[in-house]
Amino acid sequence: MISLGIANLSTKTLASMPSTSPQLLAETQTWCSRSTAIARNLRSRELDPSEILNIPYHEDIHKWVQEKYEAYRIAVAEVAVKRSALLHGIVTSGGNASSDFKGRLLLYYPLETVSDGAADASSKSFFDVEDAPPWDTWLAYAEGAIISWVPDHLISRAQAGLDANPVDCIHWLDHK
């Protein structure tokens with residue numbers, strides 16, 4: 001696997017982020033357990049961030065990269081806000097992540113991908129062609145990475161994608 005010099009988020013960094021509150025994790029877990037989300041491969045139309053992420057390329061690569069980072073930050077926040085609104089009243093305020101929802105945390109560095117489709121094919125489309133995990137699973141954005149929650153029943157598919165990925169743009173946060 002090729003490492004492109006990406007930053008590694010630590011568990012301490014994650015724990016210090018207010019956006020990864022127990023409430024947010026509980027909402028993500030609840031959303032991902034819904035049959036409609038599962039039927040759409042955890043890419044619900046209601047949460048689709050594609051429009052936000054559509055940043056046209058232009059000649060100033062540094063400006064474009066900054067615009068992409070900002071677009072991902074906004075997209076992840078928007079997914080969380082929409083998901084919370086759609087689940088209003090289902091997950092109690094201040095709720096904790098349920099032990100019924102087992103899973104793992106995953107890091108994805110969207111600007112480090114080679115977009116070769118290896119993770120997509122190997123994971124049976126858990127990851128997309130740009131190595132992104134499904135947006136329904138997105139929790140937070142920090143230091144250029146999207147933090148997502150992978151439900152237990154999809155861990156083997158995600159692992160197959162990680163194993164096939166030629167660069168270190170996706171990996172487990174907890175490094176089990």
# chains A, B, ... in the order shown; residues from 1 in each chain; ligands from 1

$ residues_around --residues "A:Ser148" --least-positions-apart "6" --cutoff "7 Å" --atoms "only C-alpha atoms" --output "PyMOL selection string"
chain A and resi 105-107+137-139

$ residues_around --residues "stretch 117-119 of chain A" --least-positions-apart "4" --cutoff "10 Å" --atoms "only C-alpha atoms" --output "CSV table (one decimal) with C-alpha atoms, in the first residue's frame"
chain,number,residue,atom,x,y,z
A,113,THR,CA,-7.7,8.8,-3.4
A,123,SER,CA,-16.3,-4.1,-1.2
A,124,LYS,CA,-19.3,-4.8,-3.4
A,125,SER,CA,-20.0,-1.0,-3.6
A,126,PHE,CA,-19.7,-0.3,0.1
A,127,PHE,CA,-17.0,2.2,-1.0
A,128,ASP,CA,-17.6,4.1,-4.2
A,129,VAL,CA,-15.2,4.6,-7.1
A,130,GLU,CA,-13.4,7.4,-5.2
A,131,ASP,CA,-13.1,5.2,-2.1
A,132,ALA,CA,-15.7,7.1,-0.2
A,133,PRO,CA,-17.8,5.2,2.4
A,157,ARG,CA,-17.2,-5.7,3.0
A,158,ALA,CA,-15.4,-2.6,4.2
A,159,GLN,CA,-12.3,-4.7,5.0
A,160,ALA,CA,-12.3,-6.2,1.6
A,161,GLY,CA,-12.2,-2.6,0.2
A,162,LEU,CA,-9.4,-1.6,2.5
A,163,ASP,CA,-7.4,-4.6,1.5
A,164,ALA,CA,-7.8,-3.8,-2.2
A,165,ASN,CA,-7.1,-0.1,-1.9
A,166,PRO,CA,-3.6,0.8,-3.2
A,170,ILE,CA,-9.2,4.7,4.0

$ closest_residue --among "A:Asp120, A:Lys102, A:Asp168, A:Arg83" --to "A:Asp48" --atoms "only C-alpha atoms"
A:Arg83

$ closest_residue --among "A:Ser122, A:Thr30, A:Ser156, A:Gln66" --to "A:Leu86" --atoms "only C-alpha atoms"
A:Thr30

$ select_by_dssp --residues "chain A" --states "helix (DSSP H, G or I)" --output "NGL selection string"
:A and (11-15 or 18-20 or 22-33 or 35-39 or 45-47 or 50-53 or 61-86 or 110-112 or 118-122 or 135-137 or 152-164)

$ write_last_selection --atoms "C-alpha atoms" --output "PDB file, in the first residue's frame"
ATOM      1  CA  THR A  11      -8.606   8.461  19.082  1.00  0.00           C
ATOM      2  CA  LYS A  12      -7.793  11.395  21.395  1.00  0.00           C
ATOM      3  CA  THR A  13      -8.402  13.857  18.543  1.00  0.00           C
ATOM      4  CA  LEU A  14     -11.703  12.182  17.774  1.00  0.00           C
ATOM      5  CA  ALA A  15     -12.832  12.205  21.401  1.00  0.00           C
ATOM      6  CA  PRO A  18     -17.832  18.009  19.759  1.00  0.00           C
ATOM      7  CA  SER A  19     -19.244  16.787  16.451  1.00  0.00           C
ATOM      8  CA  THR A  20     -18.607  13.179  17.459  1.00  0.00           C
ATOM      9  CA  PRO A  22     -22.807  10.288  21.633  1.00  0.00           C
ATOM     10  CA  GLN A  23     -25.956  11.900  20.197  1.00  0.00           C
ATOM     11  CA  LEU A  24     -24.428  12.097  16.710  1.00  0.00           C
ATOM     12  CA  LEU A  25     -23.209   8.515  16.867  1.00  0.00           C
ATOM     13  CA  ALA A  26     -26.613   7.305  18.102  1.00  0.00           C
ATOM     14  CA  GLU A  27     -28.348   9.152  15.256  1.00  0.00           C
ATOM     15  CA  THR A  28     -25.957   7.695  12.690  1.00  0.00           C
ATOM     16  CA  GLN A  29     -26.441   4.193  14.052  1.00  0.00           C
ATOM     17  CA  THR A  30     -30.214   4.561  14.107  1.00  0.00           C
ATOM     18  CA  TRP A  31     -30.288   5.957  10.558  1.00  0.00           C
ATOM     19  CA  CYS A  32     -28.038   3.180   9.227  1.00  0.00           C
ATOM     20  CA  SER A  33     -30.231   0.514  10.821  1.00  0.00           C
ATOM     21  CA  SER A  35     -34.408  -0.685   6.177  1.00  0.00           C
ATOM     22  CA  THR A  36     -34.750   2.186   3.678  1.00  0.00           C
ATOM     23  CA  ALA A  37     -31.134   3.258   4.264  1.00  0.00           C
ATOM     24  CA  ILE A  38     -29.922  -0.327   3.944  1.00  0.00           C
ATOM     25  CA  ALA A  39     -31.927  -0.805   0.746  1.00  0.00           C
ATOM     26  CA  ARG A  45     -31.291  10.443  -1.416  1.00  0.00           C
ATOM     27  CA  GLU A  46     -32.282  12.642   1.532  1.00  0.00           C
ATOM     28  CA  LEU A  47     -28.653  12.935   2.672  1.00  0.00           C
ATOM     29  CA  SER A  50     -23.178  15.387  -4.269  1.00  0.00           C
ATOM     30  CA  GLU A  51     -24.287  18.919  -5.069  1.00  0.00           C
ATOM     31  CA  ILE A  52     -22.105  20.407  -2.315  1.00  0.00           C
ATOM     32  CA  LEU A  53     -19.104  18.336  -3.415  1.00  0.00           C
ATOM     33  CA  ILE A  61      -4.691  23.858  -7.921  1.00  0.00           C
ATOM     34  CA  HIS A  62      -4.069  25.247  -4.432  1.00  0.00           C
ATOM     35  CA  LYS A  63      -7.317  27.178  -4.492  1.00  0.00           C
ATOM     36  CA  TRP A  64      -9.193  24.158  -5.840  1.00  0.00           C
ATOM     37  CA  VAL A  65      -7.795  21.903  -3.089  1.00  0.00           C
ATOM     38  CA  GLN A  66      -8.863  24.386  -0.412  1.00  0.00           C
ATOM     39  CA  GLU A  67     -12.329  24.610  -1.981  1.00  0.00           C
ATOM     40  CA  LYS A  68     -12.597  20.794  -1.979  1.00  0.00           C
ATOM     41  CA  TYR A  69     -11.557  20.565   1.687  1.00  0.00           C
ATOM     42  CA  GLU A  70     -14.160  23.183   2.568  1.00  0.00           C
ATOM     43  CA  ALA A  71     -16.813  21.425   0.480  1.00  0.00           C
ATOM     44  CA  TYR A  72     -16.199  18.157   2.344  1.00  0.00           C
ATOM     45  CA  ARG A  73     -16.360  19.932   5.702  1.00  0.00           C
ATOM     46  CA  ILE A  74     -19.683  21.519   4.752  1.00  0.00           C
ATOM     47  CA  ALA A  75     -21.038  18.292   3.232  1.00  0.00           C
ATOM     48  CA  VAL A  76     -20.319  16.210   6.333  1.00  0.00           C
ATOM     49  CA  ALA A  77     -21.922  18.827   8.576  1.00  0.00           C
ATOM     50  CA  GLU A  78     -24.950  19.034   6.271  1.00  0.00           C
ATOM     51  CA  VAL A  79     -25.383  15.244   6.297  1.00  0.00           C
ATOM     52  CA  ALA A  80     -25.383  15.274  10.109  1.00  0.00           C
ATOM     53  CA  VAL A  81     -27.884  18.156  10.313  1.00  0.00           C
ATOM     54  CA  LYS A  82     -30.273  16.603   7.775  1.00  0.00           C
ATOM     55  CA  ARG A  83     -30.040  13.176   9.411  1.00  0.00           C
ATOM     56  CA  SER A  84     -30.747  14.676  12.835  1.00  0.00           C
ATOM     57  CA  ALA A  85     -33.763  16.585  11.510  1.00  0.00           C
ATOM     58  CA  LEU A  86     -35.159  13.512   9.777  1.00  0.00           C
ATOM     59  CA  PRO A 110     -11.049  12.188   0.134  1.00  0.00           C
ATOM     60  CA  LEU A 111      -8.223  14.144  -1.466  1.00  0.00           C
ATOM     61  CA  GLU A 112      -5.788  11.226  -1.186  1.00  0.00           C
ATOM     62  CA  ALA A 118     -10.520  -1.204  -6.548  1.00  0.00           C
ATOM     63  CA  ALA A 119     -12.171  -0.541  -3.170  1.00  0.00           C
ATOM     64  CA  ASP A 120     -15.568  -0.187  -4.857  1.00  0.00           C
ATOM     65  CA  ALA A 121     -15.333  -3.532  -6.645  1.00  0.00           C
ATOM     66  CA  SER A 122     -13.824  -5.441  -3.725  1.00  0.00           C
ATOM     67  CA  TRP A 135     -22.623   9.214   3.223  1.00  0.00           C
ATOM     68  CA  ASP A 136     -25.284   7.832   5.553  1.00  0.00           C
ATOM     69  CA  THR A 137     -22.377   6.654   7.743  1.00  0.00           C
ATOM     70  CA  ASP A 152     -20.952  -4.570  12.186  1.00  0.00           C
ATOM     71  CA  HIS A 153     -22.671  -6.478   9.374  1.00  0.00           C
ATOM     72  CA  LEU A 154     -20.724  -4.443   6.768  1.00  0.00           C
ATOM     73  CA  ILE A 155     -17.258  -4.648   8.334  1.00  0.00           C
ATOM     74  CA  SER A 156     -16.159  -7.573   6.164  1.00  0.00           C
ATOM     75  CA  ARG A 157     -17.179  -5.717   2.981  1.00  0.00           C
ATOM     76  CA  ALA A 158     -15.363  -2.591   4.169  1.00  0.00           C
ATOM     77  CA  GLN A 159     -12.280  -4.653   5.043  1.00  0.00           C
ATOM     78  CA  ALA A 160     -12.255  -6.153   1.553  1.00  0.00           C
ATOM     79  CA  GLY A 161     -12.219  -2.607   0.159  1.00  0.00           C
ATOM     80  CA  LEU A 162      -9.418  -1.575   2.513  1.00  0.00           C
ATOM     81  CA  ASP A 163      -7.376  -4.603   1.476  1.00  0.00           C
ATOM     82  CA  ALA A 164      -7.794  -3.796  -2.220  1.00  0.00           C
TER      83      ALA A 164
END

$ atom_distance --atom1 "atom CA of A:Gly144" --atom2 "atom CA of A:Tyr57"
18.5 Å
